[in-house]
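The file model26.cif comes next; it holds mmCIF, C-alpha atoms and all ligand atoms.
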```
data_structure
#
loop_
_atom_site.label_atom_id
_atom_site.label_comp_id
_atom_site.auth_asym_id
_atom_site.auth_seq_id
_atom_site.Cartn_x
_atom_site.Cartn_y
_atom_site.Cartn_z
CA MET A 28 -8.91 24.51 -34.22
CA LYS A 29 -8.70 26.94 -31.35
CA HIS A 30 -10.31 26.60 -27.97
CA LEU A 31 -12.86 29.42 -28.00
CA PHE A 32 -12.24 30.47 -24.39
CA SER A 33 -8.53 30.99 -25.12
CA HIS A 34 -9.54 33.49 -27.82
CA LEU A 35 -12.46 35.30 -26.21
CA LYS A 36 -11.10 38.75 -26.97
CA GLU A 37 -10.68 37.91 -30.64
CA VAL A 38 -14.16 36.36 -30.77
CA PHE A 39 -15.91 39.38 -29.26
CA SER A 40 -13.91 41.85 -31.32
CA ARG A 41 -15.35 40.06 -34.35
CA ILE A 42 -18.88 40.10 -32.96
CA GLU A 43 -18.63 43.80 -31.96
CA LYS A 44 -22.07 45.24 -31.25
CA LYS A 45 -23.54 44.22 -34.57
CA PRO A 46 -26.50 41.85 -34.68
CA VAL A 47 -25.72 38.14 -34.48
CA PHE A 48 -27.57 35.19 -35.92
CA LEU A 49 -27.08 32.23 -33.61
CA PHE A 50 -27.49 28.82 -35.22
CA LEU A 51 -27.57 26.05 -32.66
CA ASP A 52 -27.67 22.30 -33.05
CA PHE A 53 -29.71 20.53 -30.36
CA ASP A 54 -28.40 17.08 -29.36
CA GLY A 55 -24.85 17.16 -28.03
CA THR A 56 -24.75 20.96 -28.29
CA LEU A 57 -27.59 22.30 -26.13
CA ALA A 58 -28.87 19.01 -24.70
CA PRO A 59 -26.37 16.48 -23.36
CA LEU A 60 -26.44 13.20 -25.30
CA ALA A 61 -28.72 10.65 -23.65
CA PRO A 62 -29.09 6.86 -23.92
CA THR A 63 -32.03 7.34 -26.33
CA PRO A 64 -33.22 10.41 -28.28
CA GLN A 65 -36.46 10.40 -26.28
CA GLU A 66 -34.55 10.82 -23.02
CA ALA A 67 -32.55 13.86 -24.13
CA PHE A 68 -33.77 17.14 -22.68
CA LEU A 69 -32.86 20.80 -22.52
CA PRO A 70 -31.40 21.65 -19.09
CA ALA A 71 -33.41 24.36 -17.29
CA ASN A 72 -30.57 26.89 -17.23
CA ILE A 73 -30.02 26.59 -20.99
CA TYR A 74 -33.77 26.89 -21.54
CA ASN A 75 -33.82 30.15 -19.56
CA LEU A 76 -30.72 31.43 -21.30
CA ILE A 77 -32.12 30.81 -24.77
CA LYS A 78 -35.33 32.54 -23.79
CA ARG A 79 -33.35 35.58 -22.63
CA LEU A 80 -31.21 35.61 -25.77
CA ALA A 81 -34.25 35.30 -28.03
CA ALA A 82 -35.70 38.42 -26.44
CA LEU A 83 -32.62 40.54 -27.20
CA PRO A 84 -33.12 42.83 -30.22
CA MET A 85 -29.55 42.18 -31.44
CA VAL A 86 -29.87 38.40 -31.41
CA ARG A 87 -31.72 36.16 -33.81
CA LEU A 88 -31.80 32.48 -32.99
CA ALA A 89 -32.40 29.29 -34.96
CA ILE A 90 -32.16 25.70 -33.76
CA ILE A 91 -31.25 23.30 -36.54
CA SER A 92 -31.48 19.59 -35.82
CA GLY A 93 -31.66 16.18 -37.42
CA ARG A 94 -34.79 15.57 -35.35
CA GLU A 95 -38.23 15.93 -36.81
CA MET A 96 -39.25 19.58 -36.41
CA ASN A 97 -42.28 18.91 -34.22
CA ASP A 98 -40.23 16.69 -31.93
CA LEU A 99 -37.59 19.43 -31.73
CA LYS A 100 -40.20 22.08 -30.90
CA ARG A 101 -41.57 19.92 -28.11
CA LYS A 102 -38.09 19.38 -26.70
CA VAL A 103 -37.23 23.10 -26.70
CA GLY A 104 -40.61 24.73 -26.14
CA ILE A 105 -39.61 28.35 -26.65
CA GLU A 106 -41.47 30.82 -28.83
CA GLY A 107 -39.92 33.54 -30.95
CA ILE A 108 -37.08 31.47 -32.40
CA ILE A 109 -36.73 29.67 -35.71
CA TYR A 110 -36.86 25.87 -35.79
CA SER A 111 -35.48 23.65 -38.49
CA GLY A 112 -35.73 19.85 -38.44
CA ASN A 113 -34.60 16.91 -40.55
CA HIS A 114 -31.18 18.46 -41.21
CA GLY A 115 -32.74 21.57 -42.70
CA LEU A 116 -35.52 20.07 -44.81
CA GLU A 117 -38.18 21.35 -42.43
CA CYS A 118 -38.25 24.94 -41.24
CA ASP A 119 -40.96 27.02 -39.60
CA TYR A 120 -39.66 30.12 -41.33
CA PRO A 121 -41.88 29.40 -44.32
CA GLU A 122 -39.85 30.90 -47.16
CA ALA A 123 -36.83 28.93 -46.02
CA ALA A 124 -38.58 25.56 -45.89
CA PHE A 125 -37.40 23.19 -48.56
CA GLY A 126 -39.14 19.92 -47.70
CA THR A 127 -42.43 21.16 -49.12
CA LYS A 128 -40.84 21.08 -52.58
CA ILE A 129 -39.96 17.40 -52.35
CA ASP A 130 -41.73 14.94 -54.63
CA PRO A 131 -44.13 12.88 -52.46
CA LEU A 132 -42.97 9.77 -54.35
CA MET A 133 -39.52 10.17 -52.82
CA LEU A 134 -41.04 10.30 -49.35
CA LYS A 135 -43.13 7.23 -50.09
CA ARG A 136 -40.00 5.38 -51.19
CA LEU A 137 -38.28 6.39 -47.97
CA SER A 138 -41.12 5.20 -45.77
CA ASP A 139 -41.27 1.88 -47.66
CA ALA A 140 -37.54 1.40 -47.10
CA GLY A 141 -38.07 2.33 -43.46
CA ARG A 142 -40.64 -0.43 -43.07
CA LYS A 143 -38.26 -3.02 -44.51
CA LEU A 144 -35.54 -1.81 -42.21
CA ARG A 145 -37.74 -1.83 -39.13
CA GLN A 146 -38.61 -5.50 -39.64
CA LYS A 147 -34.98 -6.55 -39.79
CA LEU A 148 -33.98 -4.31 -36.91
CA SER A 149 -36.19 -6.26 -34.52
CA ALA A 150 -33.37 -8.84 -34.38
CA PHE A 151 -31.14 -6.30 -32.60
CA PRO A 152 -31.98 -5.58 -28.95
CA GLY A 153 -31.56 -1.96 -27.89
CA VAL A 154 -31.82 -0.42 -31.32
CA VAL A 155 -33.96 2.73 -31.65
CA PHE A 156 -35.42 3.32 -35.10
CA GLU A 157 -37.05 6.59 -36.13
CA ASP A 158 -39.01 7.29 -39.31
CA LYS A 159 -38.94 11.09 -39.44
CA THR A 160 -40.79 11.40 -42.76
CA TYR A 161 -37.87 13.14 -44.51
CA SER A 162 -35.14 10.94 -43.08
CA LEU A 163 -34.63 7.76 -41.06
CA SER A 164 -32.38 7.22 -38.05
CA VAL A 165 -30.99 4.00 -36.67
CA HIS A 166 -29.60 4.65 -33.19
CA TYR A 167 -27.39 1.89 -31.84
CA ARG A 168 -25.97 3.34 -28.61
CA ASN A 169 -27.75 0.61 -26.60
CA VAL A 170 -26.95 -2.24 -28.98
CA PRO A 171 -24.25 -4.57 -27.59
CA VAL A 172 -20.87 -3.60 -29.05
CA ALA A 173 -20.36 -7.07 -30.54
CA GLN A 174 -23.51 -6.72 -32.66
CA ARG A 175 -22.97 -3.22 -34.02
CA GLY A 176 -20.88 -4.30 -37.00
CA MET A 177 -23.54 -6.76 -38.06
CA LEU A 178 -26.25 -4.16 -37.57
CA LYS A 179 -24.51 -1.60 -39.78
CA GLN A 180 -23.89 -4.23 -42.44
CA MET A 181 -27.56 -5.14 -42.43
CA VAL A 182 -28.62 -1.49 -42.76
CA GLU A 183 -26.19 -0.99 -45.63
CA SER A 184 -27.33 -4.07 -47.49
CA VAL A 185 -31.05 -3.25 -47.18
CA LEU A 186 -30.42 0.28 -48.45
CA GLU A 187 -27.77 -0.53 -51.04
CA PRO A 188 -30.13 -0.45 -54.06
CA TYR A 189 -31.37 3.01 -53.06
CA VAL A 190 -27.88 4.31 -52.50
CA LYS A 191 -26.71 2.92 -55.85
CA ALA A 192 -29.68 4.57 -57.57
CA ARG A 193 -28.67 7.88 -55.93
CA GLN A 194 -31.94 8.06 -54.03
CA PHE A 195 -30.64 7.92 -50.45
CA VAL A 196 -27.36 8.63 -48.73
CA LEU A 197 -26.18 7.06 -45.47
CA GLU A 198 -24.33 9.20 -42.99
CA GLN A 199 -22.57 8.07 -39.85
CA GLY A 200 -23.28 10.23 -36.79
CA LYS A 201 -22.68 9.70 -33.09
CA MET A 202 -24.02 6.17 -32.46
CA VAL A 203 -26.51 6.68 -35.26
CA VAL A 204 -26.79 5.92 -38.96
CA GLU A 205 -28.75 8.66 -40.70
CA VAL A 206 -30.60 7.79 -43.89
CA ARG A 207 -31.24 10.93 -45.90
CA LEU A 208 -32.61 11.71 -49.34
CA ASP A 209 -29.80 12.17 -51.85
CA MET A 210 -30.33 15.82 -52.59
CA ASP A 211 -28.33 18.99 -52.41
CA TRP A 212 -29.78 20.23 -49.13
CA HIS A 213 -28.31 20.08 -45.65
CA LYS A 214 -27.74 22.12 -42.50
CA GLY A 215 -25.40 24.44 -44.40
CA LYS A 216 -28.05 25.20 -47.02
CA ILE A 217 -30.71 26.08 -44.47
CA ALA A 218 -28.21 28.27 -42.58
CA ARG A 219 -27.32 30.04 -45.85
CA SER A 220 -30.99 30.43 -46.76
CA LEU A 221 -31.77 32.02 -43.37
CA MET A 222 -28.65 34.22 -43.42
CA ASP A 223 -29.69 35.59 -46.82
CA ARG A 224 -33.07 36.55 -45.40
CA PHE A 225 -31.49 38.54 -42.58
CA PRO A 226 -28.43 40.21 -44.09
CA GLY A 227 -26.09 42.21 -41.91
CA SER A 228 -25.91 39.76 -39.01
CA THR A 229 -22.79 37.89 -37.99
CA PRO A 230 -23.61 34.17 -38.12
CA ILE A 231 -22.43 31.92 -35.29
CA TYR A 232 -22.96 28.20 -35.78
CA ILE A 233 -22.44 25.74 -32.92
CA GLY A 234 -22.72 21.98 -33.48
CA ASP A 235 -21.13 18.68 -32.50
CA ASP A 236 -21.60 16.13 -35.28
CA ARG A 237 -20.84 15.21 -38.88
CA THR A 238 -23.97 16.84 -40.27
CA ASP A 239 -22.89 20.17 -38.76
CA GLU A 240 -19.77 20.24 -40.93
CA ASP A 241 -21.75 21.47 -43.97
CA ALA A 242 -22.90 24.43 -41.91
CA PHE A 243 -19.42 25.20 -40.55
CA ALA A 244 -18.18 25.54 -44.13
CA VAL A 245 -20.98 27.98 -44.98
CA VAL A 246 -20.76 30.11 -41.84
CA ARG A 247 -17.01 30.31 -41.31
CA PRO A 248 -16.13 32.88 -44.01
CA GLN A 249 -18.64 35.35 -42.57
CA GLY A 250 -18.78 34.48 -38.91
CA LEU A 251 -17.87 31.94 -36.28
CA ALA A 252 -17.98 28.17 -36.73
CA VAL A 253 -17.78 26.39 -33.37
CA PHE A 254 -17.38 22.64 -32.95
CA VAL A 255 -18.46 20.99 -29.70
CA GLY A 256 -16.21 18.19 -28.53
CA ASP A 257 -12.55 17.29 -28.28
CA HIS A 258 -10.20 19.07 -30.62
CA ASN A 259 -10.94 17.60 -34.06
CA LYS A 260 -8.47 18.22 -36.83
CA ASP A 261 -10.91 17.08 -39.51
CA SER A 262 -13.54 19.65 -38.61
CA GLN A 263 -14.13 22.73 -40.74
CA ALA A 264 -14.85 24.76 -37.61
CA GLU A 265 -12.37 27.40 -36.50
CA TYR A 266 -13.09 27.12 -32.77
CA PHE A 267 -14.12 24.39 -30.39
CA LEU A 268 -15.87 24.15 -27.03
CA ASN A 269 -15.44 20.98 -24.99
CA ASP A 270 -19.02 20.18 -24.04
CA THR A 271 -22.56 21.46 -23.54
CA LEU A 272 -21.50 23.21 -20.32
CA GLU A 273 -18.99 25.29 -22.24
CA VAL A 274 -21.68 26.04 -24.84
CA GLN A 275 -23.85 27.35 -22.02
CA LYS A 276 -20.96 29.49 -20.75
CA PHE A 277 -20.37 30.96 -24.22
CA LEU A 278 -24.07 31.75 -24.62
CA GLU A 279 -23.93 33.53 -21.24
CA PHE A 280 -21.00 35.61 -22.52
CA ILE A 281 -23.02 36.57 -25.60
CA ASP A 282 -26.00 37.48 -23.43
CA ASN A 283 -23.79 39.71 -21.23
CA HIS A 284 -22.09 41.23 -24.24
CA PHE A 285 -25.38 42.53 -25.62
CA ARG A 286 -26.73 43.57 -22.23
CA GLN A 287 -23.83 45.86 -21.44
CA ASP A 288 -24.40 49.56 -22.14
CA ARG A 289 -28.07 49.01 -22.80
MG MG B 301 -25.75 17.21 -32.47
#
```
The structure in this file should be written as structure tokens.
Ligand SMILES: [Mg+2]
Amino acid sequence: MKHLFSHLKEVFSRIEKKPVFLFLDFDGTLAPLAPTPQEAFLPANIYNLIKRLAALPMVRLAIISGREMNDLKRKVGIEGIIYSGNHGLECDYPEAAFGTKIDPLMLKRLSDAGRKLRQKLSAFPGVVFEDKTYSLSVHYRNVPVAQRGMLKQMVESVLEPYVKARQFVLEQGKMVVEVRLDMDWHKGKIARSLMDRFPGSTPIYIGDDRTDEDAFAVVRPQGLAVFVGDHNKDSQAEYFLNDTLEVQKFLEFIDNHFRQDR
């Protein structure tokens, strides 16, 4: 992986003056990670920057998150961009939405499992549980370190029958266990689906977590895949940025790039 700022020339020679499709993750990419998901927020300067970028004719912008789409929209609050929640299952670009095709029985099964989980989670102080309709999240950032192993074991054992029956998959994120439906749909699929609807743009995907890897793999052959965090040899991304401040800086560069000679 290459530090993006050490290869700025290369990056912008690939972008040229052709339209770009910016795909941005939210938590850990635009918004600094917070003690709980509720406390995370979009810093004012990134909010303004995204608004400016969204107004540029050469830039299309989508925010793709594991959050529920309505929660994501509230957190960002900008019009004229595409929102996708639940790791791509929800999308407000209607033709690209996939969640609407899901059998309601599968969602019922997920919410039943969520109820079972919630009861058992009450034994762990600090845990934040979210039922997001299409997926569940168990955040354990505020759970005492000594109890985290037990917590994860409990989650795994409650969900084991569903995982064995290929109904759910568990995915480890940053201080969170994500419970998703076992289906061939993820952040990479929604990115691909949106790219196909707007051909001719260079895709740029920026994200910081495991679930972003699917999207890096999709975007990289045609555009730029950018990981946020310390150099990570296991990532499929070609470039990395260290933190949300560097993401902001890169977005400013893109904004300037398309404002020149206008
Ligand atoms: Mg993230």
For A:Thr160, which of A:Gly200, A:Gly93, A:Pro46, A:Gly107 is the closest residue, counting all atoms listed in the file?
A:Gly93
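Of note, atom CA of A:Arg286 and atom CA of A:Leu99 are spaced 28.1 Å apart.
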Check which residues fall inside 9 Å of ligand MG 301 (chain B) when counting only C-alpha atoms and all ligand atoms, and print them as a list in words.
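Final answer, ordered by chain and number: Asp52, Phe53, Asp54, Gly55, Thr56, Leu57, Ala58, Leu60, Ser92, Gly93, Gly200, Lys201, Gly234, Asp235, Asp236, Arg237, Thr238, Asp239 and Val255 of chain A.
Straight-line separation from atom CA of A:Gly256 to atom CA of A:Ser33: 15.3 Å.
With distances taken over all atoms listed in the file, A:Leu51 is the one residue among A:Met210, A:Val154, A:Leu51, A:Val190 lying closest to A:Ile231.
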Which is closer to A:Ala71 than all the others in A:Val103, A:Cys118, A:Ile109, A:Met222, using all atoms listed in the file?
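Using all atoms listed in the file, the shortest distance to A:Ala71 belongs to A:Val103.
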Applying 10 Å and only C-alpha atoms, which residues near A:Tyr74 remain after dropping the ones on its own chain fewer than 2 positions away? List them as a ChimeraX atom specification.
/A:57-58,68-72,76-79,103-105,275
Please list as JSON, numbers by chain every residue within 12 Å of A:Pro248, counting only C-alpha atoms and excluding residues in the same chain fewer than 4 positions away.
{"A": [219, 229, 230, 231, 232, 242, 243, 244, 252, 263, 264, 265]}
Could you please determine the separation between atom CA of A:Lys128 and atom CA of A:Leu208 in Å, to one decimal place?
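Atom CA of A:Lys128 sits 12.9 Å away from atom CA of A:Leu208.
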Shell around A:Lys179 at 12 Å using all atoms listed in the file, local window under 6 positions removed, as an NGL selection string
:A and (144 or 147-148 or 151 or 154 or 164-167 or 170 or 172-173 or 185-187 or 197-199 or 202-206)
Shortest interatomic distance to A:Leu116 - which of A:Glu95, A:Asp261, A:Asp270, A:Glu43, counting only C-alpha atoms:
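When distances to A:Leu116 are compared using only C-alpha atoms, the smallest one comes from A:Glu95.
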Can you tell me, as JSON, the centre and edge lengths (Å, one decimal) of the axis-aligned box enclosing all of stretch 205-213 of chain A's listed atoms after padding each side by 5 Å?
```
{"center_x": -30.5, "center_y": 14.0, "center_z": -46.6, "size_x": 14.3, "size_y": 22.4, "size_z": 21.9}
```
Could you give me, as a ChimeraX atom specification, the residues that have an atom at most 12 Å away from the point (-39.2, 24.9, -48.1) in the coordinates of the file, using all atoms listed in the file?
/A:111-113,115-129,212,216-217,220-221
Using only C-alpha atoms, what residues lie at most 12 Å away from (-35.9, 40.7, -30.9) (file coordinates), given as a list in words?
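Residues with an atom at most 12 Å from (-35.9, 40.7, -30.9): Pro46, Val47, Phe48, Lys78, Arg79, Leu80, Ala81, Ala82, Leu83, Pro84, Met85, Val86, Arg87, Leu88, Glu106, Gly107, Ile108 and Phe285 of chain A.
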Excluding A:Pro171 and residues on its chain fewer than 2 positions from it, collect all residues at most 8 Å away from it, counting all atoms listed in the file, and give them as a PyMOL selection string.
chain A and resi 152-153+169+173-175
Kindly output stretch 31-42 of chain A as a PDB file, in the frame of the given file, after building all heavy atoms.
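Generated file (selection-v5.pdb):
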```
ATOM      1  N   LEU A  31     -12.216  28.105 -27.927  1.00  0.00           N
ATOM      2  CA  LEU A  31     -12.860  29.420 -28.000  1.00  0.00           C
ATOM      3  C   LEU A  31     -12.526  30.288 -26.785  1.00  0.00           C
ATOM      4  O   LEU A  31     -12.283  31.482 -26.922  1.00  0.00           O
ATOM      5  CB  LEU A  31     -14.373  29.243 -28.165  1.00  0.00           C
ATOM      6  CG  LEU A  31     -15.135  30.509 -28.527  1.00  0.00           C
ATOM      7  CD1 LEU A  31     -16.273  30.194 -29.484  1.00  0.00           C
ATOM      8  CD2 LEU A  31     -15.690  31.210 -27.293  1.00  0.00           C
ATOM      9  N   PHE A  32     -12.482  29.668 -25.596  1.00  0.00           N
ATOM     10  CA  PHE A  32     -12.240  30.470 -24.390  1.00  0.00           C
ATOM     11  C   PHE A  32     -10.814  31.003 -24.307  1.00  0.00           C
ATOM     12  O   PHE A  32     -10.539  31.913 -23.543  1.00  0.00           O
ATOM     13  CB  PHE A  32     -12.606  29.680 -23.137  1.00  0.00           C
ATOM     14  CG  PHE A  32     -14.104  29.462 -23.009  1.00  0.00           C
ATOM     15  CD1 PHE A  32     -14.607  28.372 -22.321  1.00  0.00           C
ATOM     16  CD2 PHE A  32     -14.998  30.350 -23.579  1.00  0.00           C
ATOM     17  CE1 PHE A  32     -15.974  28.172 -22.205  1.00  0.00           C
ATOM     18  CE2 PHE A  32     -16.367  30.158 -23.474  1.00  0.00           C
ATOM     19  CZ  PHE A  32     -16.859  29.068 -22.786  1.00  0.00           C
ATOM     20  N   SER A  33      -9.889  30.438 -25.081  1.00  0.00           N
ATOM     21  CA  SER A  33      -8.530  30.990 -25.120  1.00  0.00           C
ATOM     22  C   SER A  33      -8.459  32.164 -26.098  1.00  0.00           C
ATOM     23  O   SER A  33      -7.415  32.794 -26.222  1.00  0.00           O
ATOM     24  CB  SER A  33      -7.521  29.927 -25.556  1.00  0.00           C
ATOM     25  OG  SER A  33      -7.739  28.738 -24.863  1.00  0.00           O
ATOM     26  N   HIS A  34      -9.542  32.419 -26.818  1.00  0.00           N
ATOM     27  CA  HIS A  34      -9.540  33.490 -27.820  1.00  0.00           C
ATOM     28  C   HIS A  34     -10.776  34.373 -27.682  1.00  0.00           C
ATOM     29  O   HIS A  34     -11.312  34.867 -28.677  1.00  0.00           O
ATOM     30  CB  HIS A  34      -9.481  32.901 -29.233  1.00  0.00           C
ATOM     31  CG  HIS A  34      -8.233  32.135 -29.491  1.00  0.00           C
ATOM     32  ND1 HIS A  34      -8.030  30.853 -29.036  1.00  0.00           N
ATOM     33  CD2 HIS A  34      -7.092  32.488 -30.118  1.00  0.00           C
ATOM     34  CE1 HIS A  34      -6.828  30.440 -29.394  1.00  0.00           C
ATOM     35  NE2 HIS A  34      -6.235  31.404 -30.045  1.00  0.00           N
ATOM     36  N   LEU A  35     -11.209  34.559 -26.438  1.00  0.00           N
ATOM     37  CA  LEU A  35     -12.460  35.300 -26.210  1.00  0.00           C
ATOM     38  C   LEU A  35     -12.401  36.719 -26.732  1.00  0.00           C
ATOM     39  O   LEU A  35     -13.376  37.221 -27.300  1.00  0.00           O
ATOM     40  CB  LEU A  35     -12.765  35.338 -24.707  1.00  0.00           C
ATOM     41  CG  LEU A  35     -13.741  34.286 -24.163  1.00  0.00           C
ATOM     42  CD1 LEU A  35     -14.061  34.635 -22.719  1.00  0.00           C
ATOM     43  CD2 LEU A  35     -15.024  34.210 -24.995  1.00  0.00           C
ATOM     44  N   LYS A  36     -11.249  37.361 -26.535  1.00  0.00           N
ATOM     45  CA  LYS A  36     -11.100  38.750 -26.970  1.00  0.00           C
ATOM     46  C   LYS A  36     -11.306  38.851 -28.482  1.00  0.00           C
ATOM     47  O   LYS A  36     -12.057  39.687 -28.975  1.00  0.00           O
ATOM     48  CB  LYS A  36      -9.699  39.258 -26.612  1.00  0.00           C
ATOM     49  CG  LYS A  36      -9.677  40.207 -25.450  1.00  0.00           C
ATOM     50  CD  LYS A  36      -8.540  41.237 -25.637  1.00  0.00           C
ATOM     51  CE  LYS A  36      -8.590  42.259 -24.529  1.00  0.00           C
ATOM     52  NZ  LYS A  36      -7.464  42.107 -23.595  1.00  0.00           N
ATOM     53  N   GLU A  37     -10.599  37.964 -29.172  1.00  0.00           N
ATOM     54  CA  GLU A  37     -10.680  37.910 -30.640  1.00  0.00           C
ATOM     55  C   GLU A  37     -12.144  37.658 -31.076  1.00  0.00           C
ATOM     56  O   GLU A  37     -12.668  38.339 -31.961  1.00  0.00           O
ATOM     57  CB  GLU A  37      -9.766  36.768 -31.102  1.00  0.00           C
ATOM     58  CG  GLU A  37      -9.889  36.332 -32.539  1.00  0.00           C
ATOM     59  CD  GLU A  37      -9.046  35.062 -32.777  1.00  0.00           C
ATOM     60  OE1 GLU A  37      -7.819  35.112 -32.548  1.00  0.00           O
ATOM     61  OE2 GLU A  37      -9.630  34.019 -33.171  1.00  0.00           O
ATOM     62  N   VAL A  38     -12.793  36.720 -30.410  1.00  0.00           N
ATOM     63  CA  VAL A  38     -14.160  36.360 -30.770  1.00  0.00           C
ATOM     64  C   VAL A  38     -15.087  37.572 -30.614  1.00  0.00           C
ATOM     65  O   VAL A  38     -15.852  37.912 -31.525  1.00  0.00           O
ATOM     66  CB  VAL A  38     -14.652  35.175 -29.901  1.00  0.00           C
ATOM     67  CG1 VAL A  38     -16.164  35.031 -29.948  1.00  0.00           C
ATOM     68  CG2 VAL A  38     -13.983  33.883 -30.363  1.00  0.00           C
ATOM     69  N   PHE A  39     -14.984  38.262 -29.473  1.00  0.00           N
ATOM     70  CA  PHE A  39     -15.910  39.380 -29.260  1.00  0.00           C
ATOM     71  C   PHE A  39     -15.521  40.623 -30.047  1.00  0.00           C
ATOM     72  O   PHE A  39     -16.371  41.457 -30.323  1.00  0.00           O
ATOM     73  CB  PHE A  39     -16.114  39.648 -27.765  1.00  0.00           C
ATOM     74  CG  PHE A  39     -17.093  38.660 -27.188  1.00  0.00           C
ATOM     75  CD1 PHE A  39     -16.644  37.543 -26.485  1.00  0.00           C
ATOM     76  CD2 PHE A  39     -18.454  38.795 -27.409  1.00  0.00           C
ATOM     77  CE1 PHE A  39     -17.543  36.601 -25.987  1.00  0.00           C
ATOM     78  CE2 PHE A  39     -19.358  37.859 -26.925  1.00  0.00           C
ATOM     79  CZ  PHE A  39     -18.895  36.766 -26.217  1.00  0.00           C
ATOM     80  N   SER A  40     -14.247  40.718 -30.457  1.00  0.00           N
ATOM     81  CA  SER A  40     -13.910  41.850 -31.320  1.00  0.00           C
ATOM     82  C   SER A  40     -14.499  41.592 -32.707  1.00  0.00           C
ATOM     83  O   SER A  40     -14.778  42.526 -33.463  1.00  0.00           O
ATOM     84  CB  SER A  40     -12.400  42.067 -31.371  1.00  0.00           C
ATOM     85  OG  SER A  40     -11.796  41.072 -32.155  1.00  0.00           O
ATOM     86  N   ARG A  41     -14.711  40.347 -33.056  1.00  0.00           N
ATOM     87  CA  ARG A  41     -15.350  40.060 -34.350  1.00  0.00           C
ATOM     88  C   ARG A  41     -16.870  40.250 -34.269  1.00  0.00           C
ATOM     89  O   ARG A  41     -17.510  40.627 -35.249  1.00  0.00           O
ATOM     90  CB  ARG A  41     -15.008  38.650 -34.804  1.00  0.00           C
ATOM     91  CG  ARG A  41     -13.588  38.573 -35.329  1.00  0.00           C
ATOM     92  CD  ARG A  41     -13.121  37.149 -35.499  1.00  0.00           C
ATOM     93  NE  ARG A  41     -13.829  36.463 -36.574  1.00  0.00           N
ATOM     94  CZ  ARG A  41     -13.591  35.199 -36.904  1.00  0.00           C
ATOM     95  NH1 ARG A  41     -12.677  34.498 -36.260  1.00  0.00           N
ATOM     96  NH2 ARG A  41     -14.256  34.631 -37.877  1.00  0.00           N
ATOM     97  N   ILE A  42     -17.431  39.946 -33.120  1.00  0.00           N
ATOM     98  CA  ILE A  42     -18.880  40.100 -32.960  1.00  0.00           C
ATOM     99  C   ILE A  42     -19.252  41.585 -32.876  1.00  0.00           C
ATOM    100  O   ILE A  42     -20.282  42.011 -33.392  1.00  0.00           O
ATOM    101  CB  ILE A  42     -19.366  39.341 -31.704  1.00  0.00           C
ATOM    102  CG1 ILE A  42     -19.197  37.828 -31.916  1.00  0.00           C
ATOM    103  CG2 ILE A  42     -20.809  39.684 -31.380  1.00  0.00           C
ATOM    104  CD1 ILE A  42     -19.537  36.984 -30.695  1.00  0.00           C
TER     105      ILE A  42
END
```
